[in-house]
Amino acid sequence: MGRPLQTAAMFKVDMSHQEMERMLSELEQWYEMAAGAGAEWIAAQAAASWLRNDLGYEDDAEFEDALNGTFEDFLKKMPHLETKLEASSEGVERLVFKIRPDPPREEWRPVKMVLPITRREDLWNVCFKSQHARVEIPELEFEISMDGKRHIDSIYNHLAGAIFHITGMQTGGMYSSDQLSKIAECVVQLNALLDLETPWTWVVHDPSGTSMFLDMDRVTVTEVLEVDEAQAATIAVAAAVESDEPAGMNLID
């Protein structure tokens, strides 16, 4: 039996680093392949070697410099990963990890999490956005939708990623000149948020209640007793996935 490890809050892994989202995405894809082959717990050393080579780092030193720490510390920091120490076949103790499964849908606790962005430090607070959550910026009536993937990054990088995606919409000839003008205006407004020209609000709506922030001190969490239309759609999709039945195109606008 392995020994469970507590979340390693004392480690100084820099989750606001722009490379973190890419690392986590690649790690989860690799884990899914390993899990598909029958593995549940994955050796940290094997994952580190694969990830370092896949992302093009020359050696361990360069890889750990990007992480601002060791890979083991990085794994322990992730709220959606579970780690433990277990003995290898050679009898040597090693760190292994797995992705925590979602809680059963009947245990979901819909929440609304509100963080006022009033100072530069708020932009670098790390937000773990679960695969079921959406983010709202009410000042602009702007939303980052649920996309079925976990995202762990600083609020600055979450928003910068959205800006990059929206900017790409301006090419390809899919939109009218009026639509392109509105897209360009949206990009300007979002960039102003990054410059913190005025205070604004980062609101996470999560029907599963599994999203979180690295620093929760200024986050107001409210349990939602009546879910909105978007949350209801997410719950319905999750239920359909659990039962292997199609959710229906009418569930999501």
# chains A, B, ... in the order shown; residues from 1 in each chain; ligands from 1
call {"tool": "select_by_dssp", "arguments": {"residues": "region 122-218 of chain A", "states": "strand (DSSP E)", "output": "list in words"}}
result
Val126, Cys127, Phe128, Lys129, Arg134, Val135, Glu136, Ile137, Phe142, Glu143, Ile144, His151, Ile152, Asp153, Ser154, Trp200, Thr201, Trp202, Val203, Val204, His205, Asp206, Met212 and Phe213 of chain A
call {"tool": "closest_residue", "arguments": {"among": "A:Val221, A:Tyr156, A:Met33, A:Lys98", "to": "Asn191 (chain A)", "atoms": "only C-alpha atoms"}}
result
A:Tyr156
call {"tool": "select_by_dssp", "arguments": {"residues": "region 38-113 of chain A", "states": "alpha helix (DSSP H)", "output": "number ranges by chain"}}
result
A: 44-54, 60-67, 71-77
call {"tool": "closest_residue", "arguments": {"among": "A:Val203, A:Ile99, A:Leu194, A:Leu81", "to": "Glu136 (chain A)", "atoms": "only C-alpha atoms"}}
result
A:Val203
call {"tool": "atom_distance", "arguments": {"atom1": "CA of Glu21 (chain A)", "atom2": "CA of Arg105 (chain A)"}}
result
26.2 Å
call {"tool": "residues_around", "arguments": {"residues": "Met216 (chain A)", "least_positions_apart": "4", "cutoff": "12 Å", "atoms": "only C-alpha atoms", "output": "VMD selection string"}}
result
chain A and resid 113 to 116 122 125 to 128 211 to 212 220 to 221
call {"tool": "atom_distance", "arguments": {"atom1": "CA of Asp206 (chain A)", "atom2": "CA of Trp30 (chain A)"}}
result
25.9 Å
call {"tool": "residues_around", "arguments": {"residues": "Glu107 (chain A)", "least_positions_apart": "4", "cutoff": "10 Å", "atoms": "only C-alpha atoms", "output": "PyMOL selection string"}}
result
chain A and resi 102-103+208-209
call {"tool": "residues_around", "arguments": {"residues": "Ala192 (chain A)", "least_positions_apart": "5", "cutoff": "12 Å", "atoms": "only C-alpha atoms", "output": "list of chain:residue names"}}
result
A:Glu139, A:Leu140, A:Tyr156, A:Leu159, A:Ala160, A:Ile163, A:Glu185, A:Cys186, A:Val187, A:Glu197, A:Thr198, A:Pro199, A:Trp200
call {"tool": "write_last_selection", "arguments": {"atoms": "C-alpha atoms", "output": "PDB file, in the first residue's frame"}}
result
ATOM      1  CA  GLU A 139     -18.321  44.371 -16.891  1.00  0.00           C
ATOM      2  CA  LEU A 140     -17.954  43.397 -20.556  1.00  0.00           C
ATOM      3  CA  TYR A 156      -3.672  36.979 -16.729  1.00  0.00           C
ATOM      4  CA  LEU A 159      -7.438  36.072 -20.389  1.00  0.00           C
ATOM      5  CA  ALA A 160      -4.432  36.400 -22.703  1.00  0.00           C
ATOM      6  CA  ILE A 163      -7.531  37.306 -26.514  1.00  0.00           C
ATOM      7  CA  GLU A 185     -13.409  46.244 -30.195  1.00  0.00           C
ATOM      8  CA  CYS A 186     -13.664  43.208 -27.894  1.00  0.00           C
ATOM      9  CA  VAL A 187      -9.914  42.612 -28.184  1.00  0.00           C
ATOM     10  CA  GLU A 197      -7.191  50.455 -16.395  1.00  0.00           C
ATOM     11  CA  THR A 198     -10.265  50.013 -14.179  1.00  0.00           C
ATOM     12  CA  PRO A 199     -11.253  47.348 -11.619  1.00  0.00           C
ATOM     13  CA  TRP A 200     -13.176  44.381 -12.979  1.00  0.00           C
TER      14      TRP A 200
END
call {"tool": "atom_distance", "arguments": {"atom1": "CA of Glu86 (chain A)", "atom2": "CA of Gln45 (chain A)"}}
result
12.8 Å
call {"tool": "closest_residue", "arguments": {"among": "A:Met20, A:Arg109, A:Ser25, A:Val188", "to": "Lys77 (chain A)", "atoms": "only C-alpha atoms"}}
result
A:Met20
call {"tool": "residues_around", "arguments": {"residues": "Glu62 (chain A)", "least_positions_apart": "6", "cutoff": "10 Å", "atoms": "only C-alpha atoms", "output": "list of chain:residue names"}}
result
A:Arg52, A:Gly56, A:Asn68
call {"tool": "write_last_selection", "arguments": {"atoms": "C-alpha atoms", "output": "CSV table (one decimal), in the first residue's frame"}}
result
chain,number,residue,atom,x,y,z
A,52,ARG,CA,10.7,16.7,-21.1
A,56,GLY,CA,11.8,19.8,-26.3
A,68,ASN,CA,10.7,26.6,-11.1
call {"tool": "closest_residue", "arguments": {"among": "A:Leu27, A:Val224, A:Val111, A:Ala184", "to": "Leu51 (chain A)", "atoms": "only C-alpha atoms"}}
result
A:Leu27
